[in-house]
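So the structure is just underneath, and the comments pick up after that.
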Amino acid sequence: MTLLDGRKVSNEIKDEIAAEVAKMKAKGEKVPHLAAVLVGDDGASLTYVGSKVKACERIGFESTLVKMPNTTSELELLKKIEELNNNDDIDGFIIQLPLPPQIDEQKVLMAVDPSKDVDGFHPENFGKMALDMSTFIPATPFGILELLERYKVDTKGKHTVVIGRSHIVGRPMSILMSRKGWPGNSTVTLTHSSTKNISQITTQADIIISALGVPDFLKAEMVKDDVVIIDVGITRVEDKNHPKGYVIKGDVDFENVSKKASFITPVPGGVGPMTIAMLLKNTLLAREQRKS
Ligand code: GUN
């Protein structure tokens, strides 16, 4: 069994990006600038956004964190987005999801200038991705492709089962794994909460990408030998014995499933760090595109 070490690979990618930034600085060029908008005070979102900003600092990007209260109206957020769209110093920005219920997520994502949409959530960019055109690929699916590539995982003609149809992970992942080329070229089954007899499907899978958010959902009896497991789940589970009061759990019963797997991502330290690295990569791409 090979552990798909997202922490190690993400550090390699960050080092590669940092080297590009150093070259930009040496030439006296502007460095990439990422902004992140956080509406409300959800603990997990605060942690994720904090990690994104910290990663920017580490590799020499500029970063701006825009914090807005939980009571922010849709109009106020749309105004902030307009401001970021028009701010020439910002190369890319993200709106951290989920948003409070008074705000229509679709309206917000549509308002982001597609050339600054480093999350790849705007319909123009999502459409380009589906049509194999060059664009920003959402960071988590992009990170998974990068992990598969760097560990040389064979995906051609394999049966990939994606669990979860979210716009951020499951849906784009199903499209990307079915595209021509590598990593991809898989036969893809997209499963979700209405799927019947999911074990019957997962036991046929060569590759399982689980983005469900249910701790320990995928058990050893649900997979075949030598399966490749990508666990996207990151659920906080209360644990009074832990100093933080919680532990992070993936979708996969790692202890037992790992005994059958050929490749598997740990949680934490698998897909999570890759997401941040690929967001930085998209921001570098956004800066380069704005130069030309
Ligand atoms: N919430 C959970 N994942 C993501 C992500 O990749 N980007 C944004 N903006 N919000 C998220």
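Just remember, in the structure tokens the first chain shown is A, the second B, etc., residues are 1-based per chain, and ligands are 1-based in the order shown.
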Residues within 10 Å of ligand 1, counting only C-alpha atoms and all ligand atoms, as a short mmCIF file (atom, residue, chain, number, x, y, z; two decimals) with C-alpha atoms, in the first residue's frame:
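Output below, filename pocket.cif:
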data_model
loop_
_atom_site.label_atom_id
_atom_site.label_comp_id
_atom_site.auth_asym_id
_atom_site.auth_seq_id
_atom_site.Cartn_x
_atom_site.Cartn_y
_atom_site.Cartn_z
CA ALA A 36 -10.37 35.70 0.34
CA VAL A 37 -13.80 36.81 1.47
CA LEU A 38 -15.21 35.21 4.60
CA ALA A 44 -14.19 25.46 10.01
CA SER A 45 -14.36 28.19 7.33
CA TYR A 48 -9.59 27.04 6.01
CA VAL A 49 -9.35 30.72 5.07
CA PHE A 93 -10.14 36.00 -5.15
CA ILE A 94 -12.42 33.45 -3.53
CA ILE A 95 -15.67 33.64 -1.62
CA GLN A 96 -15.45 31.03 1.10
CA LEU A 97 -18.48 28.74 1.15
CA PRO A 98 -20.96 28.09 2.68
CA LEU A 99 -22.61 31.51 2.83
CA LEU A 109 -20.56 33.13 -7.82
CA ASP A 117 -12.23 33.23 -10.32
CA VAL A 118 -9.36 31.12 -8.96
CA ASP A 119 -11.88 28.71 -7.35
CA GLY A 120 -13.20 27.87 -10.84
CA PHE A 121 -16.82 28.10 -9.61
CA PRO A 138 -11.61 23.92 -8.83
CA ALA A 139 -8.80 23.48 -6.32
CA THR A 140 -9.85 20.21 -4.66
CA PRO A 141 -10.44 18.24 -7.91
CA HIS A 167 -20.51 21.53 -7.22
CA ILE A 168 -17.13 21.93 -5.51
CA VAL A 169 -15.86 18.33 -5.61
CA ILE A 234 -13.07 16.44 6.50
CA GLY A 272 -6.73 18.95 2.28
CA THR A 275 -6.50 22.04 -2.16
CA ILE A 276 -4.53 24.96 -0.79
CA MET A 278 -3.74 24.23 -6.16
CA LEU A 279 -5.51 27.44 -5.16
#
request  = Using only C-alpha atoms, determine which residues lie at most 8 Å from range 184-190 of chain A, disregarding the query and same-chain residues fewer than 3 positions distant; provide the list as a PyMOL selection string.
outcome  = chain A and resi 155-165+170-171+174+176-181
inquiry  = Please list as a list in words every residue within 12 Å of Tyr151 in chain A, counting only C-alpha atoms and excluding residues in the same chain fewer than 2 positions away.
reply    =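 Residues meeting the cut-off are Thr2, Leu3, Leu4, Asp5, Gly6, Lys8, Val9, Ile144, Leu145, Glu146, Leu147, Leu148, Glu149, Val153, Asp154, Thr155, Pro183, Val228, Ser262, Phe263, Ile264 and Thr265 of chain A.
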ask   = Skipping near chain neighbours, those fewer than 3 positions away, what residues fall within 10 Å of Leu78 in chain A using only C-alpha atoms, listed as a list in words?
value = Ser73, Glu74, Leu75, Ile81, Glu82, Glu83, Leu84, Ile103, Lys107, Val108, Leu109, Met110, Ala111 and Val112 of chain A
key: Members of range 67-277 of chain A assigned strand (DSSP E) by DSSP, as JSON, numbers by chain   = {"A": [67, 68, 92, 93, 94, 95, 159, 160, 161, 162, 163, 187, 188, 189, 190, 191, 207, 208, 209, 210, 228, 229, 230, 231, 235, 236, 237, 238, 246, 247, 248, 249, 263, 264]}
task = Write out as a list in words the residues lying within 10 Å of Glu288 in chain A, counting only C-alpha atoms and excluding same-chain residues fewer than 5 positions away.
result =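 Using only C-alpha atoms, the neighbours found are Val31, Pro32, Asp91, Asn282 and Thr283 of chain A.
Taking the backbone of this structure through DSSP, the residues of range 202-264 of chain A that come out as alpha helix (DSSP H) are A:Thr202, A:Phe254, A:Glu255, A:Asn256, A:Val257.
Of the listed residues (A:Ser199, A:Asn87, A:Ser210, A:Thr71), A:Thr71 comes nearest to Asp41 in chain A; the distances count only C-alpha atoms.
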key: Which of A:Thr235, A:Lys291, A:Ala261, A:Ala286 sits closest to Ile137 in chain A [using only C-alpha atoms]   =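 The answer is A:Ala286, which sits nearest to Ile137 in chain A.
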key: Proximity to Pro266 in chain A - best of A:Lys249, A:Lys196, A:Lys281, A:Lys67, only C-alpha atoms   =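 Distance minimum relative to Pro266 in chain A lands on A:Lys249.
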